[in-house]
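Undergrad: One structure, pasted below without further comment.
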Number of protein chains: 6
Amino acid sequence: MRNVVVTGCPRADLGEVDALAPFGVATVHEAMGRTGYLGPGIRPVHLGLRVGGTAVTVVCWPGDNLMIHAAVEQCRPGDILVVTTTSPGTDGAFGELLATALRYRGVRGLVTTGGVRDVAELHAMNFPVFCAAVSAQGTVKATPGAVNTSVSIGGQHIVPGDAIVADDDGVVVVPRLAVPRALAAATERAAKESASRDAFGRGELGLDRYGLRAVLSGLGVEYVDYQTYLEGAR
Amino acid sequence: MRNVVVTGCPRADLGEVDALAPFGVATVHEAMGRTGYLGPGIRPVHLGLRVGGTAVTVVCWPGDNLMIHAAVEQCRPGDILVVTTTSPGTDGAFGELLATALRYRGVRGLVTTGGVRDVAELHAMNFPVFCAAVSAQGTVKATPGAVNTSVSIGGQHIVPGDAIVADDDGVVVVPRLAVPRALAAATERAAKESASRDAFGRGELGLDRYGLRAVLSGLGVEYVDYQTYLEGAR
Amino acid sequence: MRNVVVTGCPRADLGEVDALAPFGVATVHEAMGRTGYLGPGIRPVHLGLRVGGTAVTVVCWPGDNLMIHAAVEQCRPGDILVVTTTSPGTDGAFGELLATALRYRGVRGLVTTGGVRDVAELHAMNFPVFCAAVSAQGTVKATPGAVNTSVSIGGQHIVPGDAIVADDDGVVVVPRLAVPRALAAATERAAKESASRDAFGRGELGLDRYGLRAVLSGLGVEYVDYQTYLEGAR
Amino acid sequence: MRNVVVTGCPRADLGEVDALAPFGVATVHEAMGRTGYLGPGIRPVHLGLRVGGTAVTVVCWPGDNLMIHAAVEQCRPGDILVVTTTSPGTDGAFGELLATALRYRGVRGLVTTGGVRDVAELHAMNFPVFCAAVSAQGTVKATPGAVNTSVSIGGQHIVPGDAIVADDDGVVVVPRLAVPRALAAATERAAKESASRDAFGRGELGLDRYGLRAVLSGLGVEYVDYQTYLEGAR
Amino acid sequence: MRNVVVTGCPRADLGEVDALAPFGVATVHEAMGRTGYLGPGIRPVHLGLRVGGTAVTVVCWPGDNLMIHAAVEQCRPGDILVVTTTSPGTDGAFGELLATALRYRGVRGLVTTGGVRDVAELHAMNFPVFCAAVSAQGTVKATPGAVNTSVSIGGQHIVPGDAIVADDDGVVVVPRLAVPRALAAATERAAKESASRDAFGRGELGLDRYGLRAVLSGLGVEYVDYQTYLEGAR
Amino acid sequence: MRNVVVTGCPRADLGEVDALAPFGVATVHEAMGRTGYLGPGIRPVHLGLRVGGTAVTVVCWPGDNLMIHAAVEQCRPGDILVVTTTSPGTDGAFGELLATALRYRGVRGLVTTGGVRDVAELHAMNFPVFCAAVSAQGTVKATPGAVNTSVSIGGQHIVPGDAIVADDDGVVVVPRLAVPRALAAATERAAKESASRDAFGRGELGLDRYGLRAVLSGLGVEYVDYQTYLEGAR
């Protein structure tokens, strides 16, 4: 890993990100062809928030939050800090003080593959945090890392400036240049979902709406009544 | 696995299930001789709900929710959908649209060994969900499975039509024909628990109430005061 | 393991513990030189509580809560029950009835490496519970263990009478004789944190406040602008 | 759970089981329509063994091996002991002494969702063990359970007398009455696999042998050369 | 944690440790009243070794092996290095070079809650390693810790100079002053196990040898023949 | 994800890869500045192999190995197949037949974040497999994915044609264009390691060789003799 702080990274257009975020993580993920989801291991500590922003990335050594401090200075309004470590760890590398520093700079939230602490205080601040662990264990500031290099979380590649959307379903990344496309696709998908929601609310079945009866039949799925099934199983 | 949708399964009596559910998961599990609990891995996404119903079972391929769509049609008012996969996976095979379709048919909730998504929307709908994971990852509709065959979750066997009770403690299954027995036993146990709660609230000890002093003594547990213990440890 | 109930253990001074608890888990852990944290595996079932007290310890056999009943009798007002098992397990060895018995005796909460049940009822009672699992699975009362012997949880040694502080960040232990020192150190640290919070809230950077620019430079971390970095990567 | 030892259970025909076992776990699982596999969590401690037999089942309390002792008496030559616990646990409930007792009775191996110990001695005895954990932690003999009731492991239902096949790929169960069908299907599948092995060994592709080019094309998978792909990604 | 290297720790008598080790982990654990086992999470990378020695303990920061280097100097012939970290981590803090340095000083093996690397080379050296992970991830030398302070692993307390025994079943610790007692108890237990092995090898049952028929009966375990059981289940 | 098979990808120079592989995973990882290691979750099924080659990448749907069949055709002598899935899963998507097909084409091994089966047969073939799970569970061929797009495993980015080195320590990736640099750096590092090995074998300490006494002292690590330490702790 090159020990570097990359400055002046371009960001996704914040207006577009702000238009994209309300669609939520699941819809954005689907709209992008089922890509970008960071996996079920990164969860909100408190449910009920939805946030979008542009990624500032950080790579820390385990047990060390030096590079988060370096990253704060690189943040602009609308950013979301995205932290990972060179190997898995749960230490509470982020807490209320860093959240206070980020809030001053207009940062909208934190995504981390590690741990956070002060979660009562973060909740009181209404600072959105998506993480793999809660841990009070403190960290040192002794080992270098990187700010604003590309990172991989949950099998997804995140480049600084990419759009991040996070809510109760977890976190999704959209490549910076793909945000306009994501916005169009999410709008289209949301309309389709809305129509399906209406149809299902009126009693239509997915079997009919999506043409799945033919799929089931083509795959050899049989319909058998209970008594016949029991007798066959004997 | 036979690729089949079994139709017309008998259900536990819904009136009896409705009488059983308020006792809650722990009491029902105890009343049935400490059986039927699906384990600590299946949790509510949001705390505070308690629900009972009759099982419609689904076996899906990992990453595929085709059979959930087939199952919707088999549901009746009072049912709870119970989903498992042929191998462990976390994908969000269930979300708001399927919940809308199930609600139309009077289905009371979902239990799954896999993942769900749209959890903010499910919460807004007040649709009870008990699951092993939250994941926005989408699924396909390409591989067959089964509806209303018996399944095993957490070492417990679930037959379609069995009673399901779920709350903040997780999920318990009661075999269809055992529901009347469970109801009687839960009623009896609840009365006993109520008496114990009163006694403990007045300061009685479990040691006395359950006759455990003799047990401890029979097992050779000694009472030693702190100073004596310290000296013995030296 | 010696099968023993140790009686009459000295406790940390409750007034001092009550002064220490409001600082919270993270601050106490830091004040004690980053020691005593029981790890990210022990979590509150419901967020939003902070509690302090003196440890009464219990060692149970897996699937068995006999010794918890023996421990109730040893509890005094201000205690927190700290339960572990001889090998890992998730069974619901603790629930509403034991909480009722503990509350009568003025016990303030439960910490366990195992499971709890009746979590809806415990929440209604406002009884703080910090645990590794929720499970309705019942336990027996058949195998001996120990009360008020020292135990190890999450790599930390806990001696009966030690101070316990627990909140949304987890659980920390402070050795009985170290409580006055912890109180002084936490007070000092909280003042420092408060000053840092004010500074960060005004836009000061950790880089400057903690002298980290020199650290980064000494470690060879370079600052590179985006275009230069991209060209170097080609 | 009913606390019971069921005696005189019928077994699958041992001659048929002996004919089935050499096909191995993967082939038997495939031949049975991809059913019966107990999952990747149950592994051999030492690689290189393949064994078949008929199931004698045991349900133990965690931390307790009383019922294994009860089960030994129920074993006949050709049996495999299949142990599970009422809740997950890793204790070493099985070791060299029990293996000695089982070997005397002609038992061929052990499958357990829990732990084993004395693994060096078991290896020296050449006694096949498939388990979820190795642990030296000892167990008590204090809590009842069941022998030869049906159990569920890894989502699979096991009835006493069912055929068990175990090798380096794990463990598969075949229902007693399905063994003849499994044998025929495995024979057929092995022949097909053998032909495929020969074909693949001569350079034929699965794409052609299984008609997958049409599948890929029908699913919209495109073939794109590297330069074109790079340009499209820009 | 106090950042300290404690020098000149007393060790368990090496002759006694050498007499104890051949009994193996399971027997020593049983002989000590089922205590001291470090749990199923610490495993040998290669099976087939059994080793005993005296503990030199190390506490490292995650991702940092500075204190292991400090510990080497404190080692004497007959020691076993016991490493833990302030929070869980898998990095390969130990490899061939450190093993070479330890071997020079007569150290007999390594026990670690973290990771090791160069496992092919360690195997070629025949250097026994018991660990929680294998990882090639390198570590830094930047953060202080402790050598020869007491540590807790798997709920067991380890004091420098305690006896360590490790084999295919994992690792057990015996307090320094308890080694003579452990030796006597292990000798006695091994004799008892030997007699049991002979008895079981001649077909005696644990049910009879341990008087378990009365236990089963006292616990209400019934013996039911297969047909009767089936009819009762209907 | 774009459903695509990318053809004609450039590879790292095989001669250079062959020169790099013998240094082993740990040394290559160190030489590349501690990057590229795929983490402790991907392990060899059998120990004792070391292999290098060029990556052909595959993205499969969970429970589906269609794209592995598509990938076989894209393989050349010297390649290593690198498989991941769109969400975590353990199914045995790879076995003896695919290994046979790969071997015909000169492929040197498999790396997968999923499961493999037929491990006895793969061992007999001496086909190197590095995986996260062993599972006999079969897969379907129904859902599209990608061949030779870049993938992320264990936080590391892998581009088709990159060099892969795998041994008992796991798997490391080296970017295609960095292989010459890796080779030079590994050569240099191996020389340094060799000198250190000699020095440690003669009794030199890391404390002296790496100048760590000053580091310890600068970090405030004290040396305290045992008696003094005990008295301070009282």
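FYI, nothing fancy with the structure tokens labels: chains A, B, ... in order, residues from 1 per chain, ligands from 1 as they appear.
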Skip Glu96 (chain F) itself and residues of its chain fewer than 4 positions away, then list as a count of residues only all residues within 7 Å of it, counting only C-alpha atoms.
TA: 4
Undergrad: For region 15-32 of chain F, please output as a PDB file with N, CA and C atoms, in the first residue's frame all residues within 10 Å (counting only C-alpha atoms; exclusion window: fewer than 4 positions along the same chain).
TA:
ATOM      1  N   MET A   1       0.847  -1.196   0.000  1.00  0.00           N
ATOM      2  CA  MET A   1       0.000   0.000   0.000  1.00  0.00           C
ATOM      3  C   MET A   1       0.882   1.245   0.000  1.00  0.00           C
ATOM      4  N   ARG A   2       0.560   2.149  -0.875  1.00  0.00           N
ATOM      5  CA  ARG A   2       1.302   3.399  -0.875  1.00  0.00           C
ATOM      6  C   ARG A   2       0.745   4.299   0.225  1.00  0.00           C
TER       7      ARG A   2
ATOM      8  N   GLY E  92      -0.568 -12.179  10.605  1.00  0.00           N
ATOM      9  CA  GLY E  92       0.502 -13.152  10.777  1.00  0.00           C
ATOM     10  C   GLY E  92       1.678 -12.560  11.533  1.00  0.00           C
ATOM     11  N   GLY E  95       6.312 -15.868  12.429  1.00  0.00           N
ATOM     12  CA  GLY E  95       6.691 -16.716  11.305  1.00  0.00           C
ATOM     13  C   GLY E  95       8.039 -17.361  11.539  1.00  0.00           C
ATOM     14  N   ARG E 117       2.264 -17.121  10.079  1.00  0.00           N
ATOM     15  CA  ARG E 117       2.529 -17.323   8.653  1.00  0.00           C
ATOM     16  C   ARG E 117       3.800 -18.138   8.494  1.00  0.00           C
ATOM     17  N   ASP E 118       4.173 -18.401   7.255  1.00  0.00           N
ATOM     18  CA  ASP E 118       5.305 -19.306   6.965  1.00  0.00           C
ATOM     19  C   ASP E 118       4.995 -20.700   7.499  1.00  0.00           C
ATOM     20  N   VAL E 119       3.768 -21.150   7.377  1.00  0.00           N
ATOM     21  CA  VAL E 119       3.444 -22.419   8.041  1.00  0.00           C
ATOM     22  C   VAL E 119       4.127 -23.610   7.375  1.00  0.00           C
ATOM     23  N   ALA E 120       4.431 -23.508   6.095  1.00  0.00           N
ATOM     24  CA  ALA E 120       5.190 -24.595   5.472  1.00  0.00           C
ATOM     25  C   ALA E 120       6.588 -24.667   6.094  1.00  0.00           C
ATOM     26  N   SER E 135      -2.359 -16.451   8.508  1.00  0.00           N
ATOM     27  CA  SER E 135      -2.481 -15.267   7.663  1.00  0.00           C
ATOM     28  C   SER E 135      -1.100 -14.775   7.271  1.00  0.00           C
ATOM     29  N   ALA E 136      -0.938 -14.469   5.985  1.00  0.00           N
ATOM     30  CA  ALA E 136       0.334 -13.920   5.512  1.00  0.00           C
ATOM     31  C   ALA E 136       0.458 -12.431   5.800  1.00  0.00           C
ATOM     32  N   GLN E 137      -0.634 -11.804   6.245  1.00  0.00           N
ATOM     33  CA  GLN E 137      -0.620 -10.346   6.461  1.00  0.00           C
ATOM     34  C   GLN E 137       0.471  -9.947   7.450  1.00  0.00           C
ATOM     35  N   GLY E 138       1.331  -9.056   7.037  1.00  0.00           N
ATOM     36  CA  GLY E 138       2.442  -8.621   7.868  1.00  0.00           C
ATOM     37  C   GLY E 138       2.026  -7.647   8.955  1.00  0.00           C
ATOM     38  N   THR E 139       2.909  -7.491   9.945  1.00  0.00           N
ATOM     39  CA  THR E 139       2.634  -6.611  11.077  1.00  0.00           C
ATOM     40  C   THR E 139       3.729  -5.559  11.203  1.00  0.00           C
TER      41      THR E 139
ATOM     42  N   ARG F  11      -1.848 -11.425 -20.120  1.00  0.00           N
ATOM     43  CA  ARG F  11      -1.416 -12.053 -18.864  1.00  0.00           C
ATOM     44  C   ARG F  11      -0.060 -11.509 -18.435  1.00  0.00           C
ATOM     45  N   GLY F  36      -2.059  -7.137  -1.301  1.00  0.00           N
ATOM     46  CA  GLY F  36      -2.438  -8.222  -2.196  1.00  0.00           C
ATOM     47  C   GLY F  36      -2.870  -9.513  -1.526  1.00  0.00           C
ATOM     48  N   TYR F  37      -2.765  -9.586  -0.218  1.00  0.00           N
ATOM     49  CA  TYR F  37      -3.127 -10.841   0.451  1.00  0.00           C
ATOM     50  C   TYR F  37      -4.653 -10.980   0.518  1.00  0.00           C
ATOM     51  N   LEU F  38      -5.173 -12.133   0.100  1.00  0.00           N
ATOM     52  CA  LEU F  38      -6.628 -12.313   0.023  1.00  0.00           C
ATOM     53  C   LEU F  38      -7.261 -12.675   1.363  1.00  0.00           C
ATOM     54  N   ARG F  50       2.612 -25.240  -3.291  1.00  0.00           N
ATOM     55  CA  ARG F  50       2.887 -23.830  -3.607  1.00  0.00           C
ATOM     56  C   ARG F  50       2.768 -23.679  -5.121  1.00  0.00           C
ATOM     57  N   VAL F  51       1.982 -22.713  -5.579  1.00  0.00           N
ATOM     58  CA  VAL F  51       1.699 -22.612  -6.997  1.00  0.00           C
ATOM     59  C   VAL F  51       1.604 -21.144  -7.414  1.00  0.00           C
ATOM     60  N   GLY F  52       2.001 -20.860  -8.637  1.00  0.00           N
ATOM     61  CA  GLY F  52       1.847 -19.528  -9.204  1.00  0.00           C
ATOM     62  C   GLY F  52       1.234 -19.612 -10.579  1.00  0.00           C
ATOM     63  N   GLY F  53       0.559 -18.542 -10.987  1.00  0.00           N
ATOM     64  CA  GLY F  53      -0.037 -18.517 -12.324  1.00  0.00           C
ATOM     65  C   GLY F  53      -0.689 -17.182 -12.586  1.00  0.00           C
ATOM     66  N   THR F  54      -1.439 -17.125 -13.688  1.00  0.00           N
ATOM     67  CA  THR F  54      -2.090 -15.875 -14.093  1.00  0.00           C
ATOM     68  C   THR F  54      -3.600 -16.033 -13.961  1.00  0.00           C
ATOM     69  N   GLY F  78      -0.801 -22.173 -17.645  1.00  0.00           N
ATOM     70  CA  GLY F  78      -0.239 -21.211 -16.705  1.00  0.00           C
ATOM     71  C   GLY F  78      -1.281 -20.419 -15.943  1.00  0.00           C
ATOM     72  N   ASP F 162      -3.552 -10.784 -13.822  1.00  0.00           N
ATOM     73  CA  ASP F 162      -2.658 -10.552 -12.677  1.00  0.00           C
ATOM     74  C   ASP F 162      -1.988 -11.869 -12.258  1.00  0.00           C
ATOM     75  N   ALA F 163      -0.871 -11.746 -11.583  1.00  0.00           N
ATOM     76  CA  ALA F 163      -0.195 -12.939 -11.064  1.00  0.00           C
ATOM     77  C   ALA F 163      -0.811 -13.359  -9.731  1.00  0.00           C
ATOM     78  N   ILE F 164      -0.956 -14.656  -9.575  1.00  0.00           N
ATOM     79  CA  ILE F 164      -1.474 -15.253  -8.343  1.00  0.00           C
ATOM     80  C   ILE F 164      -0.399 -16.174  -7.783  1.00  0.00           C
ATOM     81  N   VAL F 165      -0.102 -16.043  -6.495  1.00  0.00           N
ATOM     82  CA  VAL F 165       0.759 -17.021  -5.821  1.00  0.00           C
ATOM     83  C   VAL F 165      -0.020 -17.572  -4.634  1.00  0.00           C
ATOM     84  N   ALA F 166       0.003 -18.887  -4.462  1.00  0.00           N
ATOM     85  CA  ALA F 166      -0.765 -19.512  -3.388  1.00  0.00           C
ATOM     86  C   ALA F 166       0.051 -20.613  -2.752  1.00  0.00           C
ATOM     87  N   ASP F 167      -0.022 -20.682  -1.424  1.00  0.00           N
ATOM     88  CA  ASP F 167       0.639 -21.772  -0.699  1.00  0.00           C
ATOM     89  C   ASP F 167      -0.056 -21.976   0.638  1.00  0.00           C
ATOM     90  N   ASP F 168       0.626 -22.605   1.584  1.00  0.00           N
ATOM     91  CA  ASP F 168      -0.015 -22.925   2.867  1.00  0.00           C
ATOM     92  C   ASP F 168      -0.435 -21.682   3.652  1.00  0.00           C
ATOM     93  N   ASP F 169       0.099 -20.521   3.290  1.00  0.00           N
ATOM     94  CA  ASP F 169      -0.269 -19.281   3.974  1.00  0.00           C
ATOM     95  C   ASP F 169      -1.472 -18.605   3.342  1.00  0.00           C
ATOM     96  N   GLY F 170      -1.987 -19.130   2.223  1.00  0.00           N
ATOM     97  CA  GLY F 170      -3.131 -18.538   1.552  1.00  0.00           C
ATOM     98  C   GLY F 170      -2.791 -18.085   0.146  1.00  0.00           C
ATOM     99  N   VAL F 171      -3.325 -16.935  -0.262  1.00  0.00           N
ATOM    100  CA  VAL F 171      -3.226 -16.491  -1.654  1.00  0.00           C
ATOM    101  C   VAL F 171      -2.879 -15.009  -1.698  1.00  0.00           C
ATOM    102  N   VAL F 172      -1.973 -14.659  -2.622  1.00  0.00           N
ATOM    103  CA  VAL F 172      -1.640 -13.250  -2.839  1.00  0.00           C
ATOM    104  C   VAL F 172      -1.766 -12.934  -4.330  1.00  0.00           C
ATOM    105  N   VAL F 173      -2.210 -11.705  -4.626  1.00  0.00           N
ATOM    106  CA  VAL F 173      -2.291 -11.260  -6.016  1.00  0.00           C
ATOM    107  C   VAL F 173      -1.270 -10.157  -6.234  1.00  0.00           C
ATOM    108  N   VAL F 174      -0.634 -10.185  -7.396  1.00  0.00           N
ATOM    109  CA  VAL F 174       0.286  -9.124  -7.806  1.00  0.00           C
ATOM    110  C   VAL F 174      -0.217  -8.569  -9.135  1.00  0.00           C
ATOM    111  N   PRO F 175      -0.445  -7.250  -9.214  1.00  0.00           N
ATOM    112  CA  PRO F 175      -0.922  -6.674 -10.479  1.00  0.00           C
ATOM    113  C   PRO F 175       0.017  -7.024 -11.620  1.00  0.00           C
ATOM    114  N   ARG F 176      -0.559  -7.270 -12.770  1.00  0.00           N
ATOM    115  CA  ARG F 176       0.194  -7.737 -13.934  1.00  0.00           C
ATOM    116  C   ARG F 176       1.447  -6.911 -14.197  1.00  0.00           C
ATOM    117  N   ALA F 178       3.036  -5.061 -12.226  1.00  0.00           N
ATOM    118  CA  ALA F 178       3.933  -4.943 -11.075  1.00  0.00           C
ATOM    119  C   ALA F 178       4.777  -6.196 -10.864  1.00  0.00           C
ATOM    120  N   VAL F 179       4.591  -7.215 -11.690  1.00  0.00           N
ATOM    121  CA  VAL F 179       5.301  -8.471 -11.450  1.00  0.00           C
ATOM    122  C   VAL F 179       6.817  -8.298 -11.487  1.00  0.00           C
ATOM    123  N   PRO F 180       7.350  -7.584 -12.483  1.00  0.00           N
ATOM    124  CA  PRO F 180       8.822  -7.413 -12.462  1.00  0.00           C
ATOM    125  C   PRO F 180       9.301  -6.728 -11.170  1.00  0.00           C
ATOM    126  N   ARG F 181       8.574  -5.692 -10.770  1.00  0.00           N
ATOM    127  CA  ARG F 181       8.923  -5.010  -9.526  1.00  0.00           C
ATOM    128  C   ARG F 181       8.807  -5.949  -8.323  1.00  0.00           C
ATOM    129  N   ALA F 182       7.752  -6.773  -8.310  1.00  0.00           N
ATOM    130  CA  ALA F 182       7.578  -7.731  -7.219  1.00  0.00           C
ATOM    131  C   ALA F 182       8.734  -8.714  -7.179  1.00  0.00           C
ATOM    132  N   LEU F 183       9.163  -9.136  -8.349  1.00  0.00           N
ATOM    133  CA  LEU F 183      10.240 -10.119  -8.433  1.00  0.00           C
ATOM    134  C   LEU F 183      11.540  -9.539  -7.859  1.00  0.00           C
ATOM    135  N   ALA F 184      11.829  -8.300  -8.245  1.00  0.00           N
ATOM    136  CA  ALA F 184      13.035  -7.652  -7.724  1.00  0.00           C
ATOM    137  C   ALA F 184      12.939  -7.473  -6.214  1.00  0.00           C
ATOM    138  N   ALA F 185      11.774  -7.005  -5.761  1.00  0.00           N
ATOM    139  CA  ALA F 185      11.609  -6.742  -4.333  1.00  0.00           C
ATOM    140  C   ALA F 185      11.614  -8.026  -3.519  1.00  0.00           C
ATOM    141  N   ALA F 186      11.020  -9.084  -4.042  1.00  0.00           N
ATOM    142  CA  ALA F 186      11.003 -10.358  -3.318  1.00  0.00           C
ATOM    143  C   ALA F 186      12.406 -10.931  -3.224  1.00  0.00           C
ATOM    144  N   THR F 187      13.161 -10.790  -4.309  1.00  0.00           N
ATOM    145  CA  THR F 187      14.542 -11.275  -4.300  1.00  0.00           C
ATOM    146  C   THR F 187      15.336 -10.564  -3.207  1.00  0.00           C
ATOM    147  N   GLU F 188      15.177  -9.250  -3.170  1.00  0.00           N
ATOM    148  CA  GLU F 188      15.872  -8.450  -2.175  1.00  0.00           C
ATOM    149  C   GLU F 188      15.436  -8.833  -0.764  1.00  0.00           C
ATOM    150  N   ARG F 189      14.129  -8.944  -0.601  1.00  0.00           N
ATOM    151  CA  ARG F 189      13.603  -9.281   0.729  1.00  0.00           C
ATOM    152  C   ARG F 189      14.057 -10.672   1.178  1.00  0.00           C
ATOM    153  N   ALA F 190      14.055 -11.616   0.248  1.00  0.00           N
ATOM    154  CA  ALA F 190      14.464 -12.979   0.604  1.00  0.00           C
ATOM    155  C   ALA F 190      15.916 -12.990   1.078  1.00  0.00           C
ATOM    156  N   GLU F 193      15.853 -11.643   4.536  1.00  0.00           N
ATOM    157  CA  GLU F 193      15.307 -12.650   5.447  1.00  0.00           C
ATOM    158  C   GLU F 193      16.335 -13.744   5.723  1.00  0.00           C
TER     159      GLU F 193
END
Undergrad: For chain E, which of D:Ser196, D:Thr90, D:Ser150, D:Thr228 is the closest residue, counting only C-alpha atoms?
TA: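 So, comparing all the options, the nearest one is D:Thr90.
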Undergrad: Please list as number ranges by chain every residue within 6 Å of Val111 (chain E), counting only C-alpha atoms and excluding residues in the same chain fewer than 6 positions away.
TA: E: 82, 130-131
Undergrad: Kindly assemble as a Markdown table a list of the chain A residues that lie within 8 Å of chain C, each paired with its nearest atom pair and their distance in Å to one decimal, using only C-alpha atoms, sorted first by chain and then by ascending residue number.
TA:
| residue | atom | partner | partner_atom | distance |
| --- | --- | --- | --- | --- |
| A:Asn3 | CA | C:Val221 | CA | 4.9 |
| A:Val4 | CA | C:Glu222 | CA | 4.7 |
| A:Val5 | CA | C:Tyr223 | CA | 4.8 |
| A:Val6 | CA | C:Val224 | CA | 5.0 |
| A:Thr7 | CA | C:Asp225 | CA | 4.6 |
| A:Gly8 | CA | C:Tyr226 | CA | 5.7 |
| A:Cys9 | CA | C:Tyr226 | CA | 5.4 |
| A:Leu66 | CA | C:Leu212 | CA | 7.8 |
| A:His69 | CA | C:Gly206 | CA | 5.7 |
| A:Ala70 | CA | C:Leu207 | CA | 6.4 |
| A:Val72 | CA | C:Leu205 | CA | 7.4 |
| A:Glu73 | CA | C:Leu205 | CA | 7.0 |
| A:Thr90 | CA | C:Pro40 | CA | 7.3 |
| A:Leu97 | CA | C:Arg197 | CA | 5.6 |
| A:Leu98 | CA | C:Phe200 | CA | 7.8 |
| A:Thr100 | CA | C:Gly201 | CA | 5.7 |
| A:Ala101 | CA | C:Phe200 | CA | 4.7 |
| A:Arg103 | CA | C:Gly201 | CA | 7.9 |
| A:Tyr104 | CA | C:Gly203 | CA | 5.9 |
| A:Arg105 | CA | C:Gly203 | CA | 7.4 |
| A:Arg117 | CA | C:Asp169 | CA | 5.8 |
| A:Asp118 | CA | C:Asp169 | CA | 6.3 |
| A:Val119 | CA | C:Asp168 | CA | 6.2 |
| A:Ala120 | CA | C:Asp168 | CA | 6.1 |
| A:Ala133 | CA | C:Pro40 | CA | 6.7 |
| A:Val134 | CA | C:Pro40 | CA | 5.8 |
| A:Ser135 | CA | C:Pro40 | CA | 4.9 |
| A:Ala136 | CA | C:Ala26 | CA | 4.8 |
| A:Gln137 | CA | C:Tyr37 | CA | 6.5 |
| A:Gly138 | CA | C:Arg34 | CA | 6.2 |
| A:Ala142 | CA | C:Val215 | CA | 7.6 |
| A:Thr143 | CA | C:Leu219 | CA | 7.3 |
| A:Pro144 | CA | C:Leu219 | CA | 6.2 |
| A:Gly145 | CA | C:Val221 | CA | 7.6 |
| A:Ala146 | CA | C:Val221 | CA | 8.0 |
Undergrad: Write the residues of the selection above to a file with C-alpha atoms, as a compact mmCIF listing (two decimals), in the first residue's frame.
TA:
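Generated file (again_31.txt):
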# COMPACT_ATOMS: atom_id res chain seq x y z
CA ASN A 3 1.17 5.67 2.17
CA VAL A 4 -0.49 8.67 0.63
CA VAL A 5 -3.17 11.31 1.07
CA VAL A 6 -4.68 12.09 -2.32
CA THR A 7 -6.06 15.61 -2.49
CA GLY A 8 -8.55 17.32 -4.74
CA CYS A 9 -10.46 14.24 -5.86
CA LEU A 66 -4.32 8.01 12.45
CA HIS A 69 -7.64 12.25 11.32
CA ALA A 70 -5.78 12.85 8.07
CA VAL A 72 -11.06 14.82 8.04
CA GLU A 73 -9.09 17.62 6.43
CA THR A 90 -13.44 -4.38 15.48
CA LEU A 97 -15.09 13.61 18.68
CA LEU A 98 -14.40 12.63 15.09
CA THR A 100 -18.02 16.47 15.68
CA ALA A 101 -15.05 17.31 13.45
CA ARG A 103 -20.05 17.53 11.06
CA TYR A 104 -18.25 20.88 11.11
CA ARG A 105 -17.08 20.14 7.57
CA ARG A 117 -17.92 3.78 19.87
CA ASP A 118 -19.85 6.51 21.67
CA VAL A 119 -22.94 5.21 19.89
CA ALA A 120 -25.30 6.85 22.38
CA ALA A 133 -19.09 -3.64 15.01
CA VAL A 134 -19.58 -1.50 18.08
CA SER A 135 -16.54 -1.52 20.35
CA ALA A 136 -15.28 0.77 23.09
CA GLN A 137 -11.72 -0.45 22.51
CA GLY A 138 -9.49 2.54 21.83
CA ALA A 142 1.13 5.16 15.08
CA THR A 143 0.96 3.50 11.65
CA PRO A 144 0.51 5.02 8.21
CA GLY A 145 -2.19 4.21 5.65
CA ALA A 146 -3.98 5.98 2.84
Undergrad: Please give the complete set of residues from region 64-174 of chain E that DSSP, run on the backbone, assigns to strand (DSSP E), formatted as JSON, numbers by chain.
TA: {"E": [79, 80, 81, 82, 83, 84, 85, 92, 93, 94, 109, 110, 111, 112, 115, 116, 129, 130, 131, 133, 134, 146, 147, 151, 152, 153, 156, 157, 158, 163, 164, 165, 166, 167, 170, 171, 172, 173, 174]}
Undergrad: So what do you get for CA of Arg209 (chain A) versus CA of Lys141 (chain B), distance-wise?
TA: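 We find that CA of Arg209 (chain A) and CA of Lys141 (chain B) lie 13.0 Å from each other.
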